[in-house]
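Pasting entry02.cif here (mmCIF, C-alpha atoms):
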```cif
data_start
loop_
_atom_site.label_atom_id
_atom_site.label_comp_id
_atom_site.auth_asym_id
_atom_site.auth_seq_id
_atom_site.Cartn_x
_atom_site.Cartn_y
_atom_site.Cartn_z
CA MET A 1165 104.25 129.59 116.21
CA ARG A 1166 107.92 128.82 116.20
CA GLY A 1167 110.86 127.77 114.08
CA HIS A 1168 112.20 129.89 111.23
CA VAL A 1169 110.38 133.05 112.37
CA ASN A 1170 111.41 136.44 113.73
CA GLN A 1171 109.67 135.79 117.02
CA THR A 1172 108.19 132.73 118.63
CA LEU A 1173 104.58 133.59 119.26
CA SER A 1174 101.73 132.17 121.28
CA LEU A 1175 98.23 133.27 120.28
CA SER A 1176 95.12 132.67 122.36
CA ILE A 1177 91.83 131.87 120.69
CA GLY A 1178 90.66 135.31 121.81
CA GLU A 1179 93.55 137.00 120.00
CA LEU A 1180 92.92 134.89 116.92
CA LEU A 1181 89.28 135.97 116.88
CA LYS A 1182 90.41 139.62 116.65
CA LEU A 1183 92.16 139.05 113.31
CA PRO A 1184 90.30 139.84 110.07
CA ARG A 1185 87.81 137.08 109.37
CA VAL A 1186 87.26 135.16 106.19
CA GLU A 1187 84.61 132.70 105.15
CA LEU A 1188 84.75 130.06 102.44
CA ALA A 1189 82.68 127.11 101.25
CA ALA A 1190 84.97 124.16 100.59
CA VAL A 1191 84.86 120.42 100.07
CA ASN A 1192 86.73 118.35 102.62
CA GLN A 1193 87.54 114.97 101.05
CA CYS A 1194 89.59 112.04 102.30
CA SER A 1195 92.54 111.00 100.11
CA GLY A 1196 91.02 107.51 100.12
CA ASN A 1197 87.41 108.45 99.40
CA SER A 1198 85.87 105.65 97.27
CA ARG A 1199 88.76 103.29 98.10
CA GLY A 1200 86.31 100.41 98.44
CA PHE A 1201 85.76 100.52 94.66
CA PHE A 1202 89.42 99.86 93.80
CA LEU A 1203 90.03 96.66 91.85
CA PRO A 1204 92.14 94.79 92.81
CA ARG A 1205 90.99 95.71 96.31
CA VAL A 1206 93.46 97.44 98.63
CA PRO A 1207 93.68 97.57 102.43
CA GLY A 1208 92.52 100.67 104.32
CA ALA A 1209 89.17 102.12 105.34
CA GLN A 1210 86.75 100.69 102.77
CA TRP A 1211 85.04 103.93 101.87
CA ALA A 1212 82.26 104.24 99.35
CA HIS A 1213 81.73 107.86 98.24
CA GLY A 1214 80.89 109.19 101.69
CA ALA A 1215 84.32 110.29 102.92
CA MET A 1216 83.68 113.87 101.90
CA GLY A 1217 81.61 116.84 102.92
CA ASN A 1218 81.02 120.44 101.99
CA ALA A 1219 80.75 123.20 104.56
CA ARG A 1220 81.03 126.92 105.11
CA TRP A 1221 84.22 127.55 107.07
CA THR A 1222 84.85 130.72 109.09
CA GLY A 1223 88.24 131.72 110.41
CA VAL A 1224 91.32 133.74 109.70
CA LEU A 1225 93.98 133.57 107.03
CA LEU A 1226 97.04 131.52 107.87
CA LYS A 1227 99.04 134.25 106.12
CA ASP A 1228 97.92 136.84 108.68
CA VAL A 1229 98.91 134.56 111.53
CA LEU A 1230 102.32 133.81 109.97
CA ASP A 1231 102.90 137.53 109.46
CA ARG A 1232 102.39 138.11 113.17
CA ALA A 1233 105.40 135.92 113.91
CA GLY A 1234 107.31 137.10 110.83
CA VAL A 1235 108.60 134.44 108.48
CA LYS A 1236 112.37 134.62 108.02
CA PRO A 1237 113.97 134.53 104.56
CA GLY A 1238 114.90 130.99 103.62
CA ALA A 1239 111.71 129.42 104.97
CA VAL A 1240 110.81 126.31 102.96
CA GLN A 1241 107.76 124.70 104.55
CA VAL A 1242 105.30 125.24 107.37
CA ARG A 1243 104.48 122.25 109.58
CA PHE A 1244 101.22 121.84 111.47
CA ASN A 1245 100.52 119.76 114.56
CA GLY A 1246 97.34 119.22 116.54
CA LEU A 1247 96.48 118.30 120.11
CA ASP A 1248 95.74 114.71 119.17
CA GLU A 1249 98.42 112.20 120.09
CA PRO A 1250 99.21 108.63 119.06
CA VAL A 1251 97.64 105.88 121.16
CA VAL A 1252 101.04 104.32 121.81
CA PRO A 1253 104.12 106.43 122.55
CA ASP A 1254 106.36 105.03 119.79
CA ALA A 1255 103.94 105.82 116.97
CA PRO A 1256 104.67 108.84 114.74
CA ASP A 1257 102.77 111.96 115.81
CA PHE A 1258 100.49 113.18 113.02
CA ARG A 1259 102.00 116.31 111.46
CA LYS A 1260 101.58 117.77 107.97
CA SER A 1261 103.42 120.45 106.02
CA LEU A 1262 102.75 122.89 103.20
CA ASP A 1263 105.26 124.78 101.08
CA ILE A 1264 105.80 128.31 102.39
CA ASP A 1265 104.29 129.96 99.30
CA HIS A 1266 101.19 127.79 99.59
CA ALA A 1267 100.87 128.55 103.31
CA ARG A 1268 100.98 132.29 102.50
CA ASP A 1269 98.71 132.22 99.43
CA GLY A 1270 95.85 134.02 101.16
CA GLU A 1271 93.52 131.02 100.90
CA VAL A 1272 94.76 128.58 103.53
CA MET A 1273 92.77 129.28 106.70
CA ILE A 1274 92.68 128.58 110.40
CA VAL A 1275 89.01 128.13 111.15
CA PHE A 1276 86.96 128.11 114.34
CA ALA A 1277 83.49 127.69 112.87
CA MET A 1278 81.74 125.32 110.50
CA ASN A 1279 78.36 126.37 109.06
CA GLY A 1280 78.20 129.22 111.53
CA GLU A 1281 78.76 127.17 114.66
CA GLN A 1282 81.87 126.24 116.60
CA LEU A 1283 83.66 123.19 115.27
CA PRO A 1284 82.35 119.92 116.71
CA LEU A 1285 85.03 117.83 118.44
CA LEU A 1286 85.22 115.34 115.56
CA ASN A 1287 85.66 118.18 113.07
CA GLY A 1288 88.64 119.58 114.94
CA PHE A 1289 87.47 121.76 117.86
CA PRO A 1290 88.60 124.41 118.63
CA LEU A 1291 90.80 125.31 115.61
CA ARG A 1292 91.39 123.54 112.35
CA LEU A 1293 93.52 124.18 109.29
CA ILE A 1294 91.61 124.45 106.00
CA VAL A 1295 93.55 123.88 102.80
CA PRO A 1296 91.07 124.67 100.01
CA GLY A 1297 91.25 122.29 97.07
CA TRP A 1298 93.61 119.87 98.81
CA TYR A 1299 92.81 116.51 100.40
CA SER A 1300 91.76 116.55 104.03
CA THR A 1301 94.95 114.90 105.27
CA TYR A 1302 96.29 118.47 105.34
CA TRP A 1303 93.29 119.88 107.20
CA VAL A 1304 94.94 119.37 110.60
CA LYS A 1305 92.41 119.20 113.44
CA MET A 1306 92.81 120.67 116.94
CA LEU A 1307 95.58 122.82 115.51
CA SER A 1308 97.98 123.84 118.27
CA ASP A 1309 101.46 124.18 116.79
CA ILE A 1310 102.77 125.90 113.66
CA GLU A 1311 106.43 125.42 112.87
CA VAL A 1312 108.19 127.22 110.02
CA LEU A 1313 110.90 124.98 108.56
CA ASP A 1314 114.04 125.94 106.63
CA ARG A 1315 113.99 122.53 104.93
CA GLN A 1316 111.60 120.00 103.42
CA ASP A 1317 109.65 118.14 106.08
CA ASP A 1318 110.78 114.51 106.15
CA ASN A 1319 108.43 113.31 108.91
CA TYR A 1320 106.63 110.00 108.32
CA TRP A 1321 103.26 111.58 107.50
CA MET A 1322 104.79 113.61 104.64
CA ALA A 1323 107.63 111.41 103.36
CA THR A 1324 106.06 107.95 103.60
CA ALA A 1325 102.37 108.00 104.41
CA TYR A 1326 99.93 109.83 102.13
CA THR A 1327 102.24 109.62 99.13
CA VAL A 1328 101.05 108.80 95.60
CA PRO A 1329 102.77 107.67 92.40
CA ASP A 1330 104.14 110.67 90.48
CA THR A 1331 102.16 109.63 87.40
CA PRO A 1332 99.01 110.95 85.66
CA HIS A 1333 96.02 110.27 87.96
CA ALA A 1334 98.47 108.68 90.45
CA ASN A 1335 97.90 105.57 88.37
CA ILE A 1336 100.11 102.48 88.27
CA LYS A 1337 99.62 98.83 87.32
CA PRO A 1338 99.03 96.44 90.22
CA GLY A 1339 102.40 95.02 91.20
CA GLN A 1340 104.35 97.80 89.49
CA THR A 1341 107.44 98.78 91.50
CA GLY A 1342 110.17 101.40 91.33
CA VAL A 1343 107.70 104.26 91.01
CA LYS A 1344 108.63 107.72 92.25
CA MET A 1345 106.29 108.66 95.10
CA VAL A 1346 105.32 112.23 96.04
CA PRO A 1347 103.11 113.69 98.80
CA ILE A 1348 99.44 113.72 97.80
CA SER A 1349 98.31 117.28 97.11
CA ARG A 1350 95.51 118.92 95.12
CA MET A 1351 92.12 117.31 94.57
CA VAL A 1352 90.79 116.41 91.16
CA PRO A 1353 87.28 116.93 89.72
CA ARG A 1354 84.44 114.57 90.60
CA SER A 1355 80.71 114.33 90.00
CA PHE A 1356 77.98 112.13 91.43
CA PHE A 1357 74.35 111.20 90.89
CA THR A 1358 72.22 111.95 93.92
CA ASN A 1359 68.63 111.08 92.94
CA ILE A 1360 69.25 107.76 91.17
CA SER A 1361 71.38 104.82 92.15
CA ASP A 1362 72.88 101.98 90.19
CA GLY A 1363 70.24 99.35 89.36
CA ALA A 1364 67.29 101.77 89.64
CA SER A 1365 64.10 101.24 87.62
CA LEU A 1366 62.13 103.99 85.89
CA PRO A 1367 58.82 103.78 84.00
CA VAL A 1368 59.04 103.55 80.21
CA GLY A 1369 58.29 106.89 78.60
CA ALA A 1370 58.66 108.91 81.77
CA VAL A 1371 60.51 112.19 81.68
CA ALA A 1372 63.15 112.12 84.35
CA THR A 1373 65.16 114.92 85.88
CA ILE A 1374 68.55 113.58 86.88
CA ARG A 1375 70.29 115.45 89.69
CA GLY A 1376 73.63 115.39 91.34
CA ILE A 1377 76.60 117.26 92.74
CA ALA A 1378 80.05 118.00 91.40
CA PHE A 1379 83.21 119.71 92.51
CA GLY A 1380 86.26 120.77 90.58
CA GLY A 1381 89.01 119.86 93.05
CA ASP A 1382 91.41 122.80 93.21
CA ALA A 1383 89.53 124.77 90.54
CA GLY A 1384 85.88 125.62 90.02
CA VAL A 1385 83.36 123.50 88.13
CA ALA A 1386 83.42 124.55 84.47
CA LYS A 1387 80.87 122.03 83.23
CA VAL A 1388 79.08 118.81 84.09
CA GLU A 1389 78.00 116.51 81.28
CA LEU A 1390 75.95 113.34 80.98
CA SER A 1391 76.23 110.57 78.45
CA MET A 1392 73.63 107.92 77.60
CA ASP A 1393 75.71 106.20 74.90
CA ASP A 1394 78.69 104.93 76.86
CA GLY A 1395 80.62 108.16 76.52
CA ARG A 1396 80.35 108.72 72.75
CA THR A 1397 78.36 111.93 73.11
CA TRP A 1398 77.83 114.19 76.11
CA GLN A 1399 75.05 116.66 77.02
CA PRO A 1400 75.74 119.58 79.33
CA ALA A 1401 73.82 119.68 82.60
CA THR A 1402 72.44 122.89 84.11
CA LEU A 1403 74.61 124.05 86.98
CA GLY A 1404 73.10 125.23 90.26
CA GLU A 1405 74.11 128.13 92.47
CA ASP A 1406 77.83 128.84 92.58
CA HIS A 1407 79.07 128.89 96.18
CA GLY A 1408 82.69 129.41 95.12
CA LYS A 1409 85.35 127.42 93.33
CA TYR A 1410 86.04 125.00 96.19
CA SER A 1411 82.41 124.11 96.92
CA PHE A 1412 80.07 121.37 95.78
CA ARG A 1413 77.90 122.55 92.92
CA ARG A 1414 74.51 121.09 92.18
CA TRP A 1415 73.61 120.06 88.63
CA GLN A 1416 70.53 118.69 86.86
CA LEU A 1417 69.45 117.52 83.45
CA ASP A 1418 66.14 116.31 81.97
CA ILE A 1419 66.85 113.15 80.03
CA PRO A 1420 64.81 112.01 77.01
CA GLN A 1421 61.98 109.50 77.43
CA LEU A 1422 63.47 106.09 78.08
CA THR A 1423 62.70 103.14 75.85
CA LYS A 1424 62.03 99.78 77.48
CA GLY A 1425 65.16 98.02 78.63
CA GLY A 1426 68.54 98.84 80.10
CA HIS A 1427 70.25 102.20 79.87
CA SER A 1428 73.57 103.39 81.17
CA LEU A 1429 74.04 106.91 82.42
CA MET A 1430 77.45 108.50 82.90
CA VAL A 1431 78.39 111.81 84.49
CA ARG A 1432 81.65 113.73 84.30
CA CYS A 1433 82.94 117.08 85.54
CA THR A 1434 85.45 119.35 83.86
CA ASN A 1435 87.04 121.97 86.10
CA ALA A 1436 88.04 125.54 85.28
CA ALA A 1437 91.65 124.46 84.73
CA GLY A 1438 90.51 122.03 82.02
CA ASP A 1439 90.98 118.87 84.10
CA ILE A 1440 88.38 116.29 83.22
CA GLN A 1441 87.37 113.07 84.93
CA PRO A 1442 88.99 110.06 83.24
CA GLY A 1443 86.96 107.28 81.63
CA ALA A 1444 89.08 104.57 83.23
CA SER A 1445 89.66 103.96 86.94
CA ASN A 1446 93.06 104.75 88.38
CA TRP A 1447 94.83 102.29 90.70
CA ASN A 1448 97.50 102.62 93.36
CA THR A 1449 98.41 100.65 96.48
CA SER A 1450 96.85 103.14 98.91
CA GLY A 1451 93.53 103.57 97.12
CA PHE A 1452 93.98 107.33 96.71
CA MET A 1453 92.59 109.94 94.28
CA ARG A 1454 89.80 107.96 92.65
CA ASN A 1455 87.89 110.22 90.25
CA VAL A 1456 86.75 108.00 87.40
CA VAL A 1457 83.53 108.96 85.54
CA GLU A 1458 80.57 107.61 87.53
CA THR A 1459 78.15 105.28 85.77
CA VAL A 1460 74.72 103.98 86.80
CA GLN A 1461 72.70 101.29 85.05
CA LEU A 1462 68.98 102.02 84.78
CA THR A 1463 66.13 99.82 83.64
CA ALA A 1464 63.01 101.26 82.05
CA ILE A 1465 60.01 99.03 82.75
CA MET B 1222 83.40 101.22 127.97
CA ARG B 1223 82.68 104.92 127.51
CA HIS B 1224 85.29 107.62 127.34
CA PRO B 1225 84.00 111.05 128.26
CA ILE B 1226 86.05 113.70 126.48
CA PHE B 1227 86.28 117.08 128.14
CA VAL B 1228 86.97 119.80 125.64
CA ILE B 1229 88.51 122.94 127.00
CA GLY B 1230 87.52 126.26 125.58
CA THR B 1231 86.30 129.67 126.61
CA SER B 1232 83.33 131.78 125.73
CA PHE B 1233 84.18 134.81 123.63
CA ALA B 1234 80.75 136.27 123.27
CA ALA B 1235 81.89 139.65 124.60
CA LEU B 1236 84.78 139.81 122.16
CA LEU B 1237 82.67 138.89 119.20
CA ALA B 1238 80.14 141.59 120.00
CA SER B 1239 82.71 144.12 118.80
CA THR B 1240 82.51 142.76 115.24
CA PRO B 1241 78.77 142.92 114.57
CA ALA B 1242 79.23 142.39 110.82
CA TRP B 1243 79.93 138.75 111.54
CA PRO B 1244 77.60 136.32 113.24
CA ALA B 1245 79.25 135.36 116.47
CA PRO B 1246 79.94 131.68 116.87
CA ALA B 1247 80.10 131.10 120.58
CA ILE B 1248 83.19 129.04 121.31
CA THR B 1249 82.41 127.18 124.48
CA SER B 1250 83.51 124.08 126.33
CA THR B 1251 81.55 120.94 125.73
CA THR B 1252 81.47 117.34 126.85
CA VAL B 1253 81.34 114.55 124.32
CA GLU B 1254 80.64 110.91 124.95
CA LEU B 1255 82.17 108.79 122.25
CA PRO B 1256 80.27 105.63 121.33
CA ALA B 1257 81.52 102.43 122.89
CA GLY B 1258 83.98 100.50 120.76
CA ASP B 1259 84.24 97.33 122.75
CA ALA B 1260 83.30 94.65 120.21
CA LEU B 1261 85.67 91.69 120.07
CA PHE B 1262 86.87 89.63 117.13
CA PRO B 1263 84.68 86.52 116.94
CA GLY B 1264 86.12 83.02 117.03
CA GLY B 1265 86.82 82.18 120.64
CA PRO B 1266 90.34 81.06 121.61
CA GLU B 1267 91.77 81.42 118.10
CA ALA B 1268 90.92 85.13 118.29
CA ASP B 1269 92.69 85.60 121.65
CA ALA B 1270 95.93 86.89 120.14
CA ILE B 1271 94.24 89.45 117.88
CA ASN B 1272 91.84 90.54 120.65
CA ASN B 1273 94.68 90.96 123.13
CA ASN B 1274 97.01 92.91 120.84
CA CYS B 1275 95.09 94.87 118.23
CA LEU B 1276 92.11 96.57 119.89
CA VAL B 1277 94.16 99.14 121.77
CA CYS B 1278 94.45 101.19 118.55
CA HIS B 1279 91.51 100.24 116.30
CA SER B 1280 88.19 98.45 116.30
CA ALA B 1281 87.54 94.88 115.21
CA ASP B 1282 85.13 96.30 112.63
CA MET B 1283 87.96 98.19 110.94
CA VAL B 1284 89.65 94.85 110.28
CA LEU B 1285 86.56 92.77 109.58
CA ASN B 1286 85.50 95.26 106.87
CA GLN B 1287 88.76 94.86 104.98
CA PRO B 1288 88.67 93.01 101.66
CA ALA B 1289 90.02 89.47 101.39
CA LEU B 1290 93.80 89.80 101.22
CA THR B 1291 96.63 87.37 100.66
CA ARG B 1292 98.48 85.89 103.61
CA SER B 1293 101.63 87.84 102.71
CA THR B 1294 99.65 91.11 102.60
CA TRP B 1295 98.25 90.36 106.07
CA GLU B 1296 101.79 89.60 107.29
CA SER B 1297 102.92 92.98 105.93
CA GLU B 1298 100.00 94.73 107.61
CA VAL B 1299 100.79 93.19 111.00
CA HIS B 1300 104.47 94.08 110.70
CA LYS B 1301 103.58 97.61 109.61
CA MET B 1302 101.49 98.03 112.76
CA ILE B 1303 104.47 96.90 114.87
CA LYS B 1304 107.34 98.65 113.09
CA VAL B 1305 105.70 101.86 111.92
CA TYR B 1306 102.89 102.45 114.39
CA GLY B 1307 104.62 101.02 117.47
CA ALA B 1308 101.97 98.41 118.24
CA PRO B 1309 103.11 96.56 121.39
CA VAL B 1310 102.69 93.04 119.98
CA GLU B 1311 104.65 90.11 121.40
CA ASP B 1312 106.68 88.32 118.71
CA SER B 1313 105.18 85.05 119.87
CA ASP B 1314 101.65 86.35 119.13
CA VAL B 1315 102.37 87.37 115.52
CA PRO B 1316 101.81 83.94 113.90
CA ALA B 1317 98.43 83.51 115.62
CA ILE B 1318 97.33 86.97 114.48
CA VAL B 1319 98.38 86.35 110.88
CA ASP B 1320 96.73 82.89 110.95
CA TYR B 1321 93.46 84.43 112.14
CA LEU B 1322 93.49 87.15 109.46
CA ALA B 1323 94.42 84.71 106.69
CA LYS B 1324 91.53 82.48 107.77
CA VAL B 1325 88.84 85.09 108.42
CA LYS B 1326 89.79 87.70 105.78
CA GLY B 1327 92.04 85.66 103.52
CA SER B 1328 91.93 85.43 99.75
CA GLY B 1329 93.08 81.80 99.91
CA GLN B 1330 96.48 82.66 98.46
#
```
Translate this file's structure into structure tokens.
Amino acid sequence: MRGHVNQTLSLSIGELLKLPRVELAAVNQCSGNSRGFFLPRVPGAQWAHGAMGNARWTGVLLKDVLDRAGVKPGAVQVRFNGLDEPVVPDAPDFRKSLDIDHARDGEVMIVFAMNGEQLPLLNGFPLRLIVPGWYSTYWVKMLSDIEVLDRQDDNYWMATAYTVPDTPHANIKPGQTGVKMVPISRMVPRSFFTNISDGASLPVGAVATIRGIAFGGDAGVAKVELSMDDGRTWQPATLGEDHGKYSFRRWQLDIPQLTKGGHSLMVRCTNAAGDIQPGASNWNTSGFMRNVVETVQLTAI
Amino acid sequence: MRHPIFVIGTSFAALLASTPAWPAPAITSTTVELPAGDALFPGGPEADAINNNCLVCHSADMVLNQPALTRSTWESEVHKMIKVYGAPVEDSDVPAIVDYLAKVKGSGQ
């Protein structure tokens, strides 16, 4: 730990393990999760919905670690770097920053365990930053360096990469220019079907239990609703066990007997802050922050 | 080609024993073998430029799974790799790389 602090400090993993421990279930989701569904298509990893996961994270509070070094008045941001390095020397080293108040909010964590076991290499062994409710670009792996800044971080990975249009849902029209861009930040609510997929067939007259998962982004899941009439009316699903506001939450709903033919099923989540999934897809050049209502087409035969 | 990764860590089992309220995750060194990523771009000689310049940083699959993009978008991507990410690409190889991408993953525009 260095920079705008009272004392530069080096902590071993052993010393870190002596600090008060915290545990939290939280969704880790890529900024570009579901990018492959953007239309028009955009370059980047062509994710379906799989660039996310939910785990139980164990570690210490970033706040406690910052307090050990002592943050000086006038601190603006805290920058995080990991042991990973660019493949070629001229490439920008991956570093991310949080505002000082966010870094000290008592929720941002430095973790050493995932689901009760040490972090696997690909999940950031030995230490990883966890920023609950924010996209995983901030969840710096192999965390090795914490730098308190007395200014806004203008490094490439904050100022240029991982920025989104400063518009509702980070949405712009394809080709639109002159848009103010800001660093991506908090996640938005999403919900998914898990026991049926688009194009599935069900027997006529059968009673079906539809299941899925939802998460609220940076607030808990308030409700999950399904619609079978293209979004005109919505029925609340039953929510499963609550593992905390940043976790996946299971949901299920028994739908009425299906008549022969095609049916569309939509699911949407509303979070505790009142944010609700939009009915129309957003679009931006990076393929970030997709959270449109999910729809599957079923056929009863 | 396999790259063994040696992860350095230490066992803290003794330390963790002093906090019995928490299950003790043993933090220990481990060795990881990453899967081979040695697939080439198909196409023979016309893929030489892209094979010689682009695989140092990312797989062929990463590129071949991209959507069809316009020639100018592919040109921008190649220049972004050079200017922003420091890809060591010879100027003389750029046209052949863009030609390959526009042909194999082009939108025809």
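If you take all atoms listed in the file and a cut-off of 9 Å, the residues of chain A that reach chain B are Ile1177, Gly1178, Leu1181, Lys1182, Arg1185, Gly1200, Arg1205, Val1206, Pro1207, Gly1208, Ala1209, Gln1210, Pro1250, Val1251, Val1252, Pro1253, Asp1254, Ala1255, Pro1256, Phe1276, Ala1277, Gly1280, Glu1281, Gln1282, Leu1283, Leu1285, Phe1289, Pro1290 and Tyr1320 of chain A.
As for CA of Thr1358 in chain A and CA of Lys1409 in chain A, they are spaced 20.3 Å apart.
Selection check: the PyMOL selection byres ((chain A and resi 1170-1173) around 7) on the shown file gives Met1165, Arg1166, Val1169, Ser1174, Leu1175, Ala1233, Gly1234, Val1235 and Lys1236 of chain A.
Applied to this file, the PyMOL selection byres ((chain A and resi 1194) around 6) selects Gln1193, Ser1195, Gly1196, Asn1197, Ala1215, Tyr1299 and Ser1300 of chain A.
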Exercise. Around the point (83.4, 102.1, 115.9) in the file's coordinates, collect all residues with an atom within 7 Å, using all atoms listed in the file, and return them as an MDAnalysis selection string.
Key: chainID B and resid 1258 1280 1282
How would the residues just chosen look if you wrote them out with C-alpha atoms as a PDB file, in the frame of the given file?
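Writing done, so here's selection-v2.pdb:
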```pdb
ATOM      1  CA  GLY B1258      83.980 100.500 120.760  1.00  0.00           C
ATOM      2  CA  SER B1280      88.190  98.450 116.300  1.00  0.00           C
ATOM      3  CA  ASP B1282      85.130  96.300 112.630  1.00  0.00           C
TER       4      ASP B1282
END
```
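Computed from the coordinates, the CA of Glu1458 in chain A to CA of Gly1438 in chain A distance equals 18.4 Å.
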Within 6 Å of Val1242 in chain A, counting only C-alpha atoms, which residues qualify if same-chain residues fewer than 5 places away don't, as a JSON list (two decimals) with C-alpha atoms, in the frame of the given file?
```json
[["chain", "number", "residue", "atom", "x", "y", "z"],
["A", 1261, "SER", "CA", 103.42, 120.45, 106.02],
["A", 1262, "LEU", "CA", 102.75, 122.89, 103.20],
["A", 1264, "ILE", "CA", 105.80, 128.31, 102.39],
["A", 1311, "GLU", "CA", 106.43, 125.42, 112.87],
["A", 1312, "VAL", "CA", 108.19, 127.22, 110.02],
["A", 1313, "LEU", "CA", 110.90, 124.98, 108.56]]
```
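The coordinates place CA of Thr1397 in chain A at 22.3 Å from CA of Ala1364 in chain A.
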Exercise. Check what the PyMOL selection byres ((chain A and resi 1219) around 7) selects in the file above and give those residues as an MDAnalysis selection string.
Key: chainID A and resid 1189:1191 1217:1218 1220:1221 1278:1279
Grab the residues selected above and save them as a PDB file, keeping the file's coordinate frame with C-alpha atoms.
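Done, and the output landed in result12.pdb:
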```
ATOM      1  CA  ALA A1189      82.680 127.110 101.250  1.00  0.00           C
ATOM      2  CA  ALA A1190      84.970 124.160 100.590  1.00  0.00           C
ATOM      3  CA  VAL A1191      84.860 120.420 100.070  1.00  0.00           C
ATOM      4  CA  GLY A1217      81.610 116.840 102.920  1.00  0.00           C
ATOM      5  CA  ASN A1218      81.020 120.440 101.990  1.00  0.00           C
ATOM      6  CA  ARG A1220      81.030 126.920 105.110  1.00  0.00           C
ATOM      7  CA  TRP A1221      84.220 127.550 107.070  1.00  0.00           C
ATOM      8  CA  MET A1278      81.740 125.320 110.500  1.00  0.00           C
ATOM      9  CA  ASN A1279      78.360 126.370 109.060  1.00  0.00           C
TER      10      ASN A1279
END
```
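Minimum distance to Thr1301 in chain A across A:Phe1452, A:Ser1428, A:Phe1412, A:Arg1232 (counting only C-alpha atoms) occurs at A:Phe1452.
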Practice problem: May I have the residues within 9 Å of Gly1425 in chain A as a ChimeraX atom specification, using all atoms listed in the file and disregarding those fewer than 3 positions away in the same chain? | Solution: /A:1368,1422,1462-1465
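Taking all atoms listed in the file into account, Leu1180 in chain A lies nearest to A:Leu1291 out of the set A:Ala1212, A:Val1272, A:Leu1291, A:Val1352.
In this comparison, which uses all atoms listed in the file, the residue of A:Asp1265, A:Gly1395, A:Glu1271, A:Gly1238 approaching Thr1222 in chain A most closely is A:Glu1271.
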Quiz item: Which neighbours of Asn1335 in chain A fall inside 12 Å, counting only C-alpha atoms, when residues of the same chain fewer than 6 positions from it are skipped, and could you give them as a ChimeraX atom specification?
Solution: /A:1202,1328-1329,1343-1345,1442,1444-1456
Assuming the input is short of atoms at range 1217-1228 of chain A, produce N, CA and C atoms for that part as a PDB file, in the frame of the given file.
```pdb
ATOM      1  N   GLY A1217      82.687 115.952 102.506  1.00  0.00           N
ATOM      2  CA  GLY A1217      81.610 116.840 102.920  1.00  0.00           C
ATOM      3  C   GLY A1217      81.903 118.229 102.419  1.00  0.00           C
ATOM      4  N   ASN A1218      80.875 119.066 102.452  1.00  0.00           N
ATOM      5  CA  ASN A1218      81.020 120.440 101.990  1.00  0.00           C
ATOM      6  C   ASN A1218      80.470 121.345 103.081  1.00  0.00           C
ATOM      7  N   ALA A1219      81.214 122.344 103.466  1.00  0.00           N
ATOM      8  CA  ALA A1219      80.750 123.200 104.560  1.00  0.00           C
ATOM      9  C   ALA A1219      81.236 124.623 104.340  1.00  0.00           C
ATOM     10  N   ARG A1220      80.642 125.527 105.103  1.00  0.00           N
ATOM     11  CA  ARG A1220      81.030 126.920 105.110  1.00  0.00           C
ATOM     12  C   ARG A1220      81.956 127.105 106.316  1.00  0.00           C
ATOM     13  N   TRP A1221      83.184 127.470 106.029  1.00  0.00           N
ATOM     14  CA  TRP A1221      84.220 127.550 107.070  1.00  0.00           C
ATOM     15  C   TRP A1221      84.489 129.022 107.391  1.00  0.00           C
ATOM     16  N   THR A1222      84.566 129.350 108.671  1.00  0.00           N
ATOM     17  CA  THR A1222      84.850 130.720 109.090  1.00  0.00           C
ATOM     18  C   THR A1222      86.107 130.719 109.949  1.00  0.00           C
ATOM     19  N   GLY A1223      87.006 131.642 109.649  1.00  0.00           N
ATOM     20  CA  GLY A1223      88.240 131.720 110.410  1.00  0.00           C
ATOM     21  C   GLY A1223      89.082 132.881 109.979  1.00  0.00           C
ATOM     22  N   VAL A1224      90.373 132.693 110.068  1.00  0.00           N
ATOM     23  CA  VAL A1224      91.320 133.740 109.700  1.00  0.00           C
ATOM     24  C   VAL A1224      92.320 133.165 108.705  1.00  0.00           C
ATOM     25  N   LEU A1225      93.004 134.049 108.002  1.00  0.00           N
ATOM     26  CA  LEU A1225      93.980 133.570 107.030  1.00  0.00           C
ATOM     27  C   LEU A1225      95.258 133.125 107.740  1.00  0.00           C
ATOM     28  N   LEU A1226      95.759 131.974 107.332  1.00  0.00           N
ATOM     29  CA  LEU A1226      97.040 131.520 107.870  1.00  0.00           C
ATOM     30  C   LEU A1226      98.126 132.567 107.633  1.00  0.00           C
ATOM     31  N   LYS A1227      98.049 133.218 106.466  1.00  0.00           N
ATOM     32  CA  LYS A1227      99.040 134.250 106.120  1.00  0.00           C
ATOM     33  C   LYS A1227      99.108 135.333 107.202  1.00  0.00           C
ATOM     34  N   ASP A1228      97.940 135.794 107.657  1.00  0.00           N
ATOM     35  CA  ASP A1228      97.920 136.840 108.680  1.00  0.00           C
ATOM     36  C   ASP A1228      98.569 136.371 109.976  1.00  0.00           C
TER      37      ASP A1228
END
```
